[in-house]
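Chemist: Input file: input_32.txt. Contents: compact mmCIF, C-alpha atoms.
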# COMPACT_ATOMS: atom_id res chain seq x y z
CA MET A 1 116.43 109.27 99.32
CA ASN A 2 118.19 106.13 100.39
CA ARG A 3 115.18 104.16 99.20
CA ALA A 4 115.33 105.86 95.81
CA LEU A 5 118.95 104.73 95.50
CA TRP A 6 117.96 101.18 96.41
CA LEU A 7 115.18 101.28 93.82
CA TRP A 8 117.60 102.57 91.21
CA GLY A 9 120.08 99.82 92.02
CA ILE A 10 117.45 97.10 91.81
CA LEU A 11 116.07 98.44 88.53
CA PHE A 12 119.52 98.70 86.99
CA ALA A 13 120.45 95.19 88.15
CA VAL A 14 117.27 93.83 86.53
CA TRP A 15 118.07 95.77 83.36
CA LEU A 16 121.58 94.34 83.15
CA LEU A 17 120.54 90.79 83.98
CA LEU A 18 117.63 90.74 81.55
CA SER A 19 119.39 92.43 78.65
CA GLY A 20 122.61 90.45 78.94
CA HIS A 21 124.40 93.04 76.81
CA ILE A 22 127.49 94.64 78.32
CA GLU A 23 127.95 97.27 75.60
CA THR A 24 128.28 100.99 76.19
CA LEU A 25 125.15 101.89 74.24
CA PHE A 26 122.90 99.54 76.20
CA ILE A 27 124.41 100.50 79.54
CA VAL A 28 123.84 104.19 78.79
CA PHE A 29 120.24 103.41 77.80
CA GLY A 30 119.86 101.50 81.06
CA LEU A 31 121.29 104.29 83.19
CA PHE A 32 118.98 106.75 81.48
CA THR A 33 115.85 104.59 81.76
CA CYS A 34 116.41 103.74 85.42
CA THR A 35 117.08 107.35 86.31
CA VAL A 36 113.90 108.52 84.60
CA ALA A 37 111.85 105.75 86.21
CA VAL A 38 113.15 106.56 89.70
CA TRP A 39 112.73 110.29 89.13
CA VAL A 40 109.10 109.84 88.07
CA SER A 41 108.43 107.54 91.04
CA VAL A 42 109.93 110.02 93.49
CA ARG A 43 107.91 112.84 91.96
CA MET A 44 104.75 110.74 92.29
CA GLY A 45 105.62 110.14 95.92
CA ILE A 46 105.36 106.36 95.67
CA VAL A 47 108.85 105.53 96.93
CA ASP A 48 108.20 104.75 100.58
CA ARG A 49 108.38 101.98 103.15
CA GLU A 50 105.57 100.08 101.48
CA SER A 51 106.65 100.14 97.87
CA VAL A 52 110.38 99.62 98.43
CA PRO A 53 110.53 97.57 101.64
CA VAL A 54 114.28 97.09 101.61
CA HIS A 55 114.41 97.38 105.39
CA LEU A 56 112.84 93.90 105.50
CA LEU A 57 115.47 92.36 103.25
CA GLY A 58 117.65 90.86 105.98
CA ARG A 59 114.80 89.38 107.99
CA ALA A 60 112.98 88.21 104.85
CA ILE A 61 115.89 85.88 104.11
CA ALA A 62 115.03 84.03 107.31
CA TYR A 63 111.28 84.15 106.71
CA VAL A 64 111.04 82.95 103.11
CA PRO A 65 112.50 79.43 103.59
CA TRP A 66 110.18 78.86 106.53
CA LEU A 67 107.24 80.04 104.41
CA VAL A 68 108.23 77.72 101.55
CA TRP A 69 108.37 74.76 103.93
CA GLU A 70 104.99 75.73 105.38
CA VAL A 71 103.53 75.99 101.85
CA PHE A 72 104.90 72.55 101.05
CA LYS A 73 103.34 71.01 104.14
CA SER A 74 99.92 72.49 103.47
CA ASN A 75 100.18 71.45 99.80
CA VAL A 76 100.58 67.86 100.93
CA ARG A 77 97.59 68.24 103.25
CA VAL A 78 95.34 69.62 100.50
CA ALA A 79 96.58 66.99 98.05
CA ARG A 80 95.57 64.30 100.52
CA ILE A 81 92.08 65.77 100.75
CA ILE A 82 91.71 65.94 96.98
CA LEU A 83 93.05 62.46 96.31
CA SER A 84 90.98 60.72 98.96
CA PRO A 85 88.22 58.68 97.29
CA ARG A 86 85.49 60.61 99.07
CA ILE A 87 86.05 64.35 99.37
CA ARG A 88 85.83 65.29 103.03
CA VAL A 89 85.91 69.04 103.40
CA ASP A 90 84.61 71.15 106.22
CA PRO A 91 85.08 74.68 104.93
CA SER A 92 84.19 77.72 106.92
CA ILE A 93 85.15 81.33 107.34
CA VAL A 94 87.14 82.01 110.49
CA HIS A 95 88.51 85.22 111.93
CA PHE A 96 92.08 85.84 113.05
CA ARG A 97 93.52 88.71 114.95
CA ALA A 98 96.70 90.02 113.32
CA SER A 99 99.30 91.38 115.70
CA GLN A 100 101.22 93.34 113.05
CA THR A 101 101.19 97.08 113.48
CA THR A 102 101.82 98.28 109.93
CA ASP A 103 99.77 97.82 106.78
CA LEU A 104 102.82 96.28 105.15
CA GLY A 105 103.05 93.65 107.88
CA ARG A 106 99.36 92.83 107.52
CA PHE A 107 99.75 92.63 103.77
CA ILE A 108 102.59 90.13 104.17
CA TYR A 109 100.60 88.13 106.71
CA ALA A 110 97.46 88.08 104.52
CA ASN A 111 99.46 87.05 101.47
CA SER A 112 101.28 84.35 103.41
CA ILE A 113 97.94 82.97 104.56
CA THR A 114 96.64 82.96 101.00
CA LEU A 115 99.83 81.46 99.62
CA THR A 116 99.50 78.38 101.80
CA PRO A 117 96.81 76.24 100.18
CA GLY A 118 93.99 75.42 102.54
CA THR A 119 93.56 78.98 103.71
CA VAL A 120 92.53 82.03 101.68
CA THR A 121 92.26 85.52 103.11
CA THR A 122 88.95 86.94 101.99
CA GLY A 123 89.11 90.24 103.78
CA VAL A 124 91.18 92.41 106.07
CA THR A 125 89.59 95.09 108.21
CA GLY A 126 91.94 96.72 110.65
CA ASP A 127 93.64 93.88 112.51
CA ASP A 128 90.83 91.43 111.77
CA MET A 129 91.60 88.81 109.12
CA GLU A 130 88.71 86.98 107.52
CA VAL A 131 90.04 83.64 106.33
CA HIS A 132 88.33 80.89 104.37
CA ALA A 133 89.68 77.52 105.48
CA ILE A 134 89.09 74.27 103.63
CA VAL A 135 89.16 72.18 106.79
CA GLN A 136 88.12 74.24 109.75
CA SER A 137 89.62 72.00 112.41
CA GLU A 138 93.12 72.09 110.91
CA ILE A 139 93.36 75.80 111.52
CA ASP A 140 94.46 75.47 115.10
CA GLY A 141 95.40 78.66 116.85
CA SER A 142 98.97 77.66 117.62
CA GLU A 143 99.96 77.04 114.00
CA GLU A 144 98.58 80.25 112.63
CA ASN A 145 99.95 82.13 115.58
CA ASP A 146 103.34 80.84 114.56
CA MET A 147 103.00 82.53 111.16
CA ASN A 148 101.54 85.61 112.80
CA ARG A 149 104.46 85.82 115.22
CA ARG A 150 107.02 85.32 112.46
CA VAL A 151 105.50 88.05 110.29
CA ALA A 152 105.45 90.35 113.32
CA VAL A 153 109.16 89.64 113.78
CA LEU A 154 109.68 90.17 110.05
CA GLU A 155 108.11 93.62 110.03
CA GLY A 156 110.15 94.58 113.05
CA LYS A 157 109.11 96.82 115.86
CA ASP A 158 110.23 100.05 114.23
CA PRO A 159 107.57 102.75 114.03
CA ARG A 160 105.89 103.83 110.83
CA MET B 1 127.56 64.24 89.93
CA ASP B 2 125.74 64.69 86.66
CA MET B 3 123.74 61.61 87.45
CA VAL B 4 122.66 63.06 90.79
CA LEU B 5 121.58 66.32 89.19
CA THR B 6 119.68 64.54 86.44
CA VAL B 7 117.82 62.46 89.00
CA LEU B 8 117.12 65.57 91.03
CA THR B 9 115.73 67.35 87.95
CA TRP B 10 113.50 64.39 87.19
CA ALA B 11 112.29 64.22 90.77
CA LEU B 12 111.50 67.94 90.90
CA LEU B 13 109.70 67.95 87.54
CA MET B 14 107.66 64.89 88.41
CA ALA B 15 106.77 66.20 91.87
CA GLY B 16 105.68 69.45 90.23
CA ALA B 17 103.61 67.56 87.69
CA PHE B 18 102.04 65.57 90.52
CA PHE B 19 100.97 68.73 92.35
CA LEU B 20 99.74 70.27 89.10
CA LEU B 21 97.57 67.28 88.27
CA THR B 22 96.29 66.99 91.83
CA GLY B 23 95.41 70.67 91.85
CA ALA B 24 93.64 70.35 88.50
CA LEU B 25 91.76 67.31 89.78
CA GLY B 26 90.76 69.34 92.80
CA MET B 27 89.46 72.08 90.51
CA VAL B 28 87.03 69.53 89.09
CA ARG B 29 86.18 67.57 92.23
CA LEU B 30 85.81 70.17 94.98
CA PRO B 31 82.30 71.45 95.63
CA ASP B 32 82.42 75.26 95.35
CA VAL B 33 84.46 78.21 94.18
CA PHE B 34 86.10 78.84 97.56
CA THR B 35 87.30 75.29 98.05
CA ARG B 36 88.49 75.23 94.43
CA MET B 37 90.66 78.22 95.23
CA HIS B 38 92.73 76.05 97.53
CA ALA B 39 93.28 73.59 94.70
CA ALA B 40 94.20 76.45 92.37
CA GLY B 41 96.64 77.66 95.01
CA MET B 42 98.35 74.27 94.93
CA THR B 43 99.02 74.57 91.20
CA ASP B 44 100.26 78.12 91.57
CA THR B 45 102.64 77.45 94.45
CA MET B 46 104.06 73.95 94.45
CA GLY B 47 103.14 72.84 90.93
CA ALA B 48 104.66 75.79 89.11
CA GLY B 49 107.34 76.26 91.77
CA LEU B 50 108.75 72.74 91.69
CA ILE B 51 108.75 72.62 87.88
CA LEU B 52 110.57 75.95 87.64
CA VAL B 53 113.10 74.85 90.28
CA GLY B 54 113.55 71.64 88.31
CA LEU B 55 114.33 73.66 85.17
CA LEU B 56 116.72 75.75 87.30
CA VAL B 57 118.58 72.66 88.48
CA HIS B 58 118.72 71.39 84.91
CA THR B 59 120.25 74.69 83.78
CA LEU B 60 122.78 74.74 86.59
CA ALA B 61 123.73 71.17 85.71
CA GLY B 62 124.89 72.43 82.33
CA GLY B 63 121.71 72.52 80.26
CA GLY B 64 121.87 76.18 79.30
CA GLU B 65 123.36 79.60 79.82
CA LEU B 66 124.37 80.22 83.39
CA VAL B 67 123.20 83.80 83.94
CA ALA B 68 120.34 84.67 81.62
CA VAL B 69 118.26 81.53 82.12
CA PRO B 70 118.41 81.19 85.95
CA VAL B 71 117.63 84.89 86.37
CA ARG B 72 114.57 84.60 84.18
CA LEU B 73 113.40 81.44 85.92
CA LEU B 74 113.76 83.08 89.32
CA LEU B 75 111.92 86.17 88.08
CA ILE B 76 109.01 84.07 86.82
CA LEU B 77 108.96 82.12 90.07
CA GLY B 78 109.05 85.22 92.23
CA PHE B 79 106.39 86.89 90.14
CA LEU B 80 104.07 83.90 90.32
CA TRP B 81 104.50 83.62 94.08
CA PHE B 82 103.79 87.32 94.52
CA THR B 83 100.77 87.62 92.26
CA SER B 84 99.04 84.30 92.87
CA PRO B 85 97.80 85.19 96.38
CA ILE B 86 96.68 88.61 95.20
CA ALA B 87 94.68 87.16 92.32
CA THR B 88 93.21 84.47 94.60
CA HIS B 89 92.28 87.02 97.22
CA ALA B 90 90.68 89.27 94.59
CA THR B 91 88.63 86.33 93.30
CA ALA B 92 87.55 85.37 96.82
CA LYS B 93 86.57 88.89 97.71
CA ALA B 94 84.71 89.40 94.44
CA ALA B 95 82.87 86.11 94.90
CA LEU B 96 81.87 87.02 98.46
CA SER B 97 80.65 90.47 97.52
CA GLY B 98 79.00 88.99 94.43
CA GLY B 99 76.78 86.97 96.72
CA VAL B 100 78.26 83.47 96.39
CA ARG B 101 77.48 81.58 99.57
CA PRO B 102 80.42 79.44 100.72
CA PHE B 103 79.76 75.71 100.72
CA THR B 104 79.54 74.23 104.19
CA ARG B 105 79.32 70.72 105.51
CA ALA B 106 75.57 71.14 105.97
CA ASP B 107 75.15 71.40 102.18
CA GLU B 108 76.75 68.02 101.67
CA SER B 109 73.48 66.12 101.94
CA ASP B 110 71.59 68.16 99.36
CA GLU B 111 74.25 68.71 96.78
CA GLY B 112 73.14 68.97 93.22
CA GLN B 113 75.00 71.93 91.87
CA GLY B 114 78.70 72.42 91.54
CA GLY B 115 79.46 69.05 90.03
CA ALA B 116 81.01 67.63 93.17
CA SER B 117 81.63 63.97 92.52
CA SER B 118 81.89 61.85 95.55
CA MET C 1 111.54 64.47 80.70
CA PHE C 2 110.38 67.89 79.51
CA ALA C 3 107.92 66.17 77.21
CA VAL C 4 106.40 64.30 80.15
CA THR C 5 106.10 67.53 82.14
CA ALA C 6 104.53 69.30 79.16
CA ALA C 7 102.02 66.46 78.78
CA ALA C 8 101.11 66.70 82.47
CA LEU C 9 100.66 70.45 82.06
CA LEU C 10 98.36 69.92 79.08
CA VAL C 11 96.25 67.39 80.95
CA ALA C 12 96.00 69.75 83.93
CA MET C 13 95.00 72.56 81.60
CA GLY C 14 92.33 70.32 80.13
CA LEU C 15 90.90 69.63 83.59
CA ALA C 16 90.93 73.34 84.43
CA MET C 17 89.22 73.99 81.10
CA CYS C 18 86.46 71.56 82.12
CA ARG C 19 85.94 73.69 85.21
CA ALA C 20 85.90 76.85 83.11
CA LEU C 21 83.20 75.34 80.90
CA LEU C 22 81.16 73.78 83.73
CA GLY C 23 81.69 76.43 86.39
CA PRO C 24 78.34 77.36 87.87
CA THR C 25 79.40 80.92 88.71
CA ALA C 26 81.46 83.46 86.81
CA TYR C 27 84.06 83.32 89.59
CA ASP C 28 84.69 79.64 88.93
CA ARG C 29 85.46 80.53 85.34
CA VAL C 30 87.76 83.38 86.30
CA LEU C 31 89.58 81.13 88.75
CA ALA C 32 89.97 78.44 86.10
CA LEU C 33 91.19 80.96 83.53
CA ASN C 34 93.75 82.36 85.96
CA ASN C 35 94.87 78.82 86.67
CA ILE C 36 95.18 78.00 82.97
CA GLY C 37 97.21 81.18 82.57
CA THR C 38 99.64 80.10 85.30
CA LYS C 39 100.00 76.72 83.66
CA THR C 40 100.58 78.41 80.31
CA VAL C 41 103.46 80.37 81.81
CA VAL C 42 105.06 77.15 83.04
CA LEU C 43 104.26 75.41 79.74
CA ILE C 44 106.01 78.14 77.75
CA ALA C 45 109.08 77.79 79.98
CA VAL C 46 109.08 73.99 79.64
CA LEU C 47 108.62 74.21 75.85
CA GLY C 48 111.59 76.55 75.69
CA PHE C 49 113.71 73.88 77.33
CA LEU C 50 112.15 71.15 75.19
CA ASN C 51 113.16 72.96 72.01
CA GLY C 52 116.47 74.10 73.42
CA ARG C 53 115.43 77.73 73.03
CA PRO C 54 115.60 79.46 76.42
CA ASP C 55 114.52 82.75 74.78
CA PHE C 56 111.00 81.48 75.40
CA LEU C 57 111.46 82.48 79.04
CA ASP C 58 111.01 86.13 78.08
CA LEU C 59 107.62 85.23 76.63
CA ALA C 60 106.79 83.44 79.87
CA ILE C 61 107.60 86.57 81.89
CA ALA C 62 105.41 88.69 79.63
CA TYR C 63 102.61 86.13 79.83
CA ALA C 64 102.80 86.06 83.62
CA LEU C 65 102.35 89.85 83.69
CA ILE C 66 99.46 89.78 81.23
CA ASN C 67 97.76 86.93 83.05
CA PHE C 68 97.77 88.77 86.37
CA ILE C 69 96.56 92.07 84.96
CA GLY C 70 93.94 90.27 82.89
CA THR C 71 92.53 88.41 85.89
CA ILE C 72 92.27 91.58 87.94
CA ALA C 73 90.66 93.42 85.01
CA VAL C 74 88.06 90.70 84.44
CA LEU C 75 87.24 90.58 88.17
CA LYS C 76 86.83 94.32 88.31
CA TYR C 77 84.59 94.21 85.28
CA ILE C 78 82.43 91.49 86.84
CA GLU C 79 82.19 93.35 90.12
CA TYR C 80 81.49 96.86 88.87
CA GLY C 81 80.46 96.32 85.26
CA ASP C 82 82.85 99.12 84.37
CA LEU C 83 86.61 99.11 84.06
CA GLY C 84 86.79 102.82 84.84
CA ALA C 85 84.93 102.55 88.13
CA PRO C 86 86.68 103.98 91.17
CA SER C 87 87.76 101.54 93.85
CA ARG C 88 85.39 100.64 96.65
CA PRO C 89 82.88 103.41 97.26
CA ASP C 90 82.82 102.66 100.99
CA GLY C 91 86.47 103.67 101.19
CA GLY C 92 87.45 100.28 102.60
CA GLU C 93 90.57 98.32 101.86
CA ALA C 94 91.43 98.18 98.21
CA ASN C 95 91.74 94.73 96.72
Represent the structure of the file as structure tokens.

Modeler:
Amino acid sequence: MNRALWLWGILFAVWLLLSGHIETLFIVFGLFTCTVAVWVSVRMGIVDRESVPVHLLGRAIAYVPWLVWEVFKSNVRVARIILSPRIRVDPSIVHFRASQTTDLGRFIYANSITLTPGTVTTGVTGDDMEVHAIVQSEIDGSEENDMNRRVAVLEGKDPR
Amino acid sequence: MDMVLTVLTWALLMAGAFFLLTGALGMVRLPDVFTRMHAAGMTDTMGAGLILVGLLVHTLAGGGELVAVPVRLLLILGFLWFTSPIATHATAKAALSGGVRPFTRADESDEGQGGASS
Amino acid sequence: MFAVTAAALLVAMGLAMCRALLGPTAYDRVLALNNIGTKTVVLIAVLGFLNGRPDFLDLAIAYALINFIGTIAVLKYIEYGDLGAPSRPDGGEAN
């Protein structure tokens, strides 16, 4: 129920910010639309930990800047590969073990891997991540473990 | 102050353009669909991201409305950063299950397809 | 400065279009099209600033949505040859 309220609040905030009209008619329309949308979502049973992960909000604020910095660093690495006069790539498919316990945590980890250029998640089966890397040797265990550890912290240790 | 923000906007836009062009160059130069995905990822993350942040700084420096425009820019940015990995992953998975064999270093000697220029 | 950025975007789109035309596999073309779509989103935003009409940002949001859905739809069509096909028959992870 709490999640439904969060969803309603987020939807209404988006409505207000995107419409930019602070007139009674539009606000009433917004209240109505958001209520119907949340009601339908609750009835469909899609308001849960995965679709409205507000419990991650606090820890995500710490994770996102680190991720952006990581993305920047790997962008520079890939740019150097592309701009070198002779392309020197050594791509291969490697396997990682994800230490997250929930599907949501694995989803965040897989998307973080894909978001950093140089690594693309091609498949997730259980806790096994299949990752295509553009330069095999740059995927050293320690670095990826850092991301793995941070996502595990992000998802928290609370049970499903 | 205005000067600083103008310079910052320029720097962000040009850095974004640099990553865009590098990514696009990579799309042409890299040898196969999987390696090209990494180049496409560059355009989606840093290229688009830096340009949108540059527009954001420009707006905050007085180049536009202060609520509507930044909110929209941040929405576009967030949406791109959320969907780009999903689209890339879907392409990679489809390519793998469609039977595309990833390029490896061993193929480098007998390259003929893929238009890799080196 | 927006004009310079827009020019860079157009050049990048041209390069991606080369890949879409050359691309040996269908996946190369899809990747290039998705990439062109992303660049179009940014281009629309930059053009809005260039013309002093920030309303264009709404179009950019809509284009970003369409681009994502379109890419997924095309990929699904390539993979299954049918947009109405159920997700993976083996019951594995959905894309």

Chemist: Suppose you want the space between atom CA of Arg43 of chain A and atom CA of Asn2 of chain A; what is it in Å?

Modeler: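 Distance reported for this atom pair: 14.9 Å.
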
Chemist: Select, as a list of chain:residue names, those residues of chain C with any atom no more than 6 Å from chain B (distances computed using all atoms listed in the file).

Modeler: C:Ala8, C:Ala12, C:Leu15, C:Ala16, C:Arg19, C:Asp28, C:Ile61, C:Asn95

Chemist: Only residues of chain A matter here; which ones have an atom within 9 Å of chain C, counting all atoms listed in the file? Give them as a list in words.

Modeler: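 The answer, sorted by residue number, is Leu18, Gly123, Val124 and Thr125 of chain A.
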
Chemist: Looking at A:Ala98, A:Val38, A:Leu16, A:Leu154, which one is nearest to chain B, with distances taken over all atoms listed in the file?

Modeler: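 Checking each of A:Ala98, A:Val38, A:Leu16, A:Leu154 against chain B, counting all atoms listed in the file, the winner is A:Leu16.
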
Chemist: With a cut-off of 8 Å, could you pull out the residues of chain A touching chain B and give me the nearest pair of atoms for each, distance in Å to one decimal, using only C-alpha atoms, ordered by chain and ascending number, as JSON lines?

Modeler:
{"residue": "A:Leu17", "atom": "CA", "partner": "B:Ala68", "partner_atom": "CA", "distance": 6.6}
{"residue": "A:Leu18", "atom": "CA", "partner": "B:Ala68", "partner_atom": "CA", "distance": 6.6}
{"residue": "A:Gly20", "atom": "CA", "partner": "B:Ala68", "partner_atom": "CA", "distance": 6.8}
{"residue": "A:Val71", "atom": "CA", "partner": "B:Thr45", "partner_atom": "CA", "distance": 7.6}
{"residue": "A:Phe72", "atom": "CA", "partner": "B:Met46", "partner_atom": "CA", "distance": 6.8}
{"residue": "A:Asn75", "atom": "CA", "partner": "B:Met42", "partner_atom": "CA", "distance": 5.9}
{"residue": "A:Val78", "atom": "CA", "partner": "B:Ala39", "partner_atom": "CA", "distance": 7.3}
{"residue": "A:Ala79", "atom": "CA", "partner": "B:Thr22", "partner_atom": "CA", "distance": 6.2}
{"residue": "A:Ile82", "atom": "CA", "partner": "B:Gly26", "partner_atom": "CA", "distance": 5.5}
{"residue": "A:Leu83", "atom": "CA", "partner": "B:Thr22", "partner_atom": "CA", "distance": 7.1}
{"residue": "A:Pro85", "atom": "CA", "partner": "B:Ser118", "partner_atom": "CA", "distance": 7.3}
{"residue": "A:Arg86", "atom": "CA", "partner": "B:Ser118", "partner_atom": "CA", "distance": 5.2}
{"residue": "A:Ile87", "atom": "CA", "partner": "B:Ser118", "partner_atom": "CA", "distance": 6.2}
{"residue": "A:Val89", "atom": "CA", "partner": "B:Arg105", "partner_atom": "CA", "distance": 7.1}
{"residue": "A:Asp90", "atom": "CA", "partner": "B:Arg105", "partner_atom": "CA", "distance": 5.4}
{"residue": "A:Pro91", "atom": "CA", "partner": "B:Thr104", "partner_atom": "CA", "distance": 5.6}
{"residue": "A:Ser92", "atom": "CA", "partner": "B:Thr104", "partner_atom": "CA", "distance": 6.4}
{"residue": "A:Asn111", "atom": "CA", "partner": "B:Pro85", "partner_atom": "CA", "distance": 5.7}
{"residue": "A:Ser112", "atom": "CA", "partner": "B:Pro85", "partner_atom": "CA", "distance": 7.9}
{"residue": "A:Thr114", "atom": "CA", "partner": "B:Pro85", "partner_atom": "CA", "distance": 5.3}
{"residue": "A:Leu115", "atom": "CA", "partner": "B:Pro85", "partner_atom": "CA", "distance": 5.3}
{"residue": "A:Thr116", "atom": "CA", "partner": "B:Gly41", "partner_atom": "CA", "distance": 7.4}
{"residue": "A:Pro117", "atom": "CA", "partner": "B:His38", "partner_atom": "CA", "distance": 4.9}
{"residue": "A:Gly118", "atom": "CA", "partner": "B:His38", "partner_atom": "CA", "distance": 5.2}
{"residue": "A:Thr119", "atom": "CA", "partner": "B:His38", "partner_atom": "CA", "distance": 6.9}
{"residue": "A:Val120", "atom": "CA", "partner": "B:His89", "partner_atom": "CA", "distance": 6.7}
{"residue": "A:Thr121", "atom": "CA", "partner": "B:His89", "partner_atom": "CA", "distance": 6.1}
{"residue": "A:Thr122", "atom": "CA", "partner": "B:Lys93", "partner_atom": "CA", "distance": 5.3}
{"residue": "A:Gly123", "atom": "CA", "partner": "B:Lys93", "partner_atom": "CA", "distance": 6.7}
{"residue": "A:His132", "atom": "CA", "partner": "B:Phe34", "partner_atom": "CA", "distance": 7.5}
{"residue": "A:Ile134", "atom": "CA", "partner": "B:Thr35", "partner_atom": "CA", "distance": 5.9}

Chemist: Go ahead and compute the interatomic distance for atom CA of Ala64 of chain C and atom CA of Thr40 of chain C, in Å to one decimal.

Modeler: 8.6 Å

Chemist: From the options C:Gly52, C:Glu79, C:Cys18, C:Val42, which residue's atoms come nearest to Leu50 of chain B, counting only C-alpha atoms?

Modeler: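 Under the stated criterion, the closest residue is C:Val42.
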
Chemist: For a test of reading the model, state the distance in Å between atom CA of Val53 of chain B and atom CA of Gly78 of chain B, rounded to one decimal.

Modeler: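 A separation of 11.3 Å between them.
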
Chemist: Taking into account all atoms listed in the file, which residue in the set B:Met3, B:Leu74, B:Leu8, B:Asp107 is nearest to Val57 of chain B?

Modeler: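 Looking at the shortest contact to Val57 of chain B, the residue is B:Leu8.
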
Chemist: Excluding Leu56 of chain A and residues on its chain fewer than 6 positions from it, collect all residues at most 12 Å away from it, counting only C-alpha atoms, and give them as a ChimeraX atom specification.

Modeler: /A:49-50,62-64,104-105,108,151-158
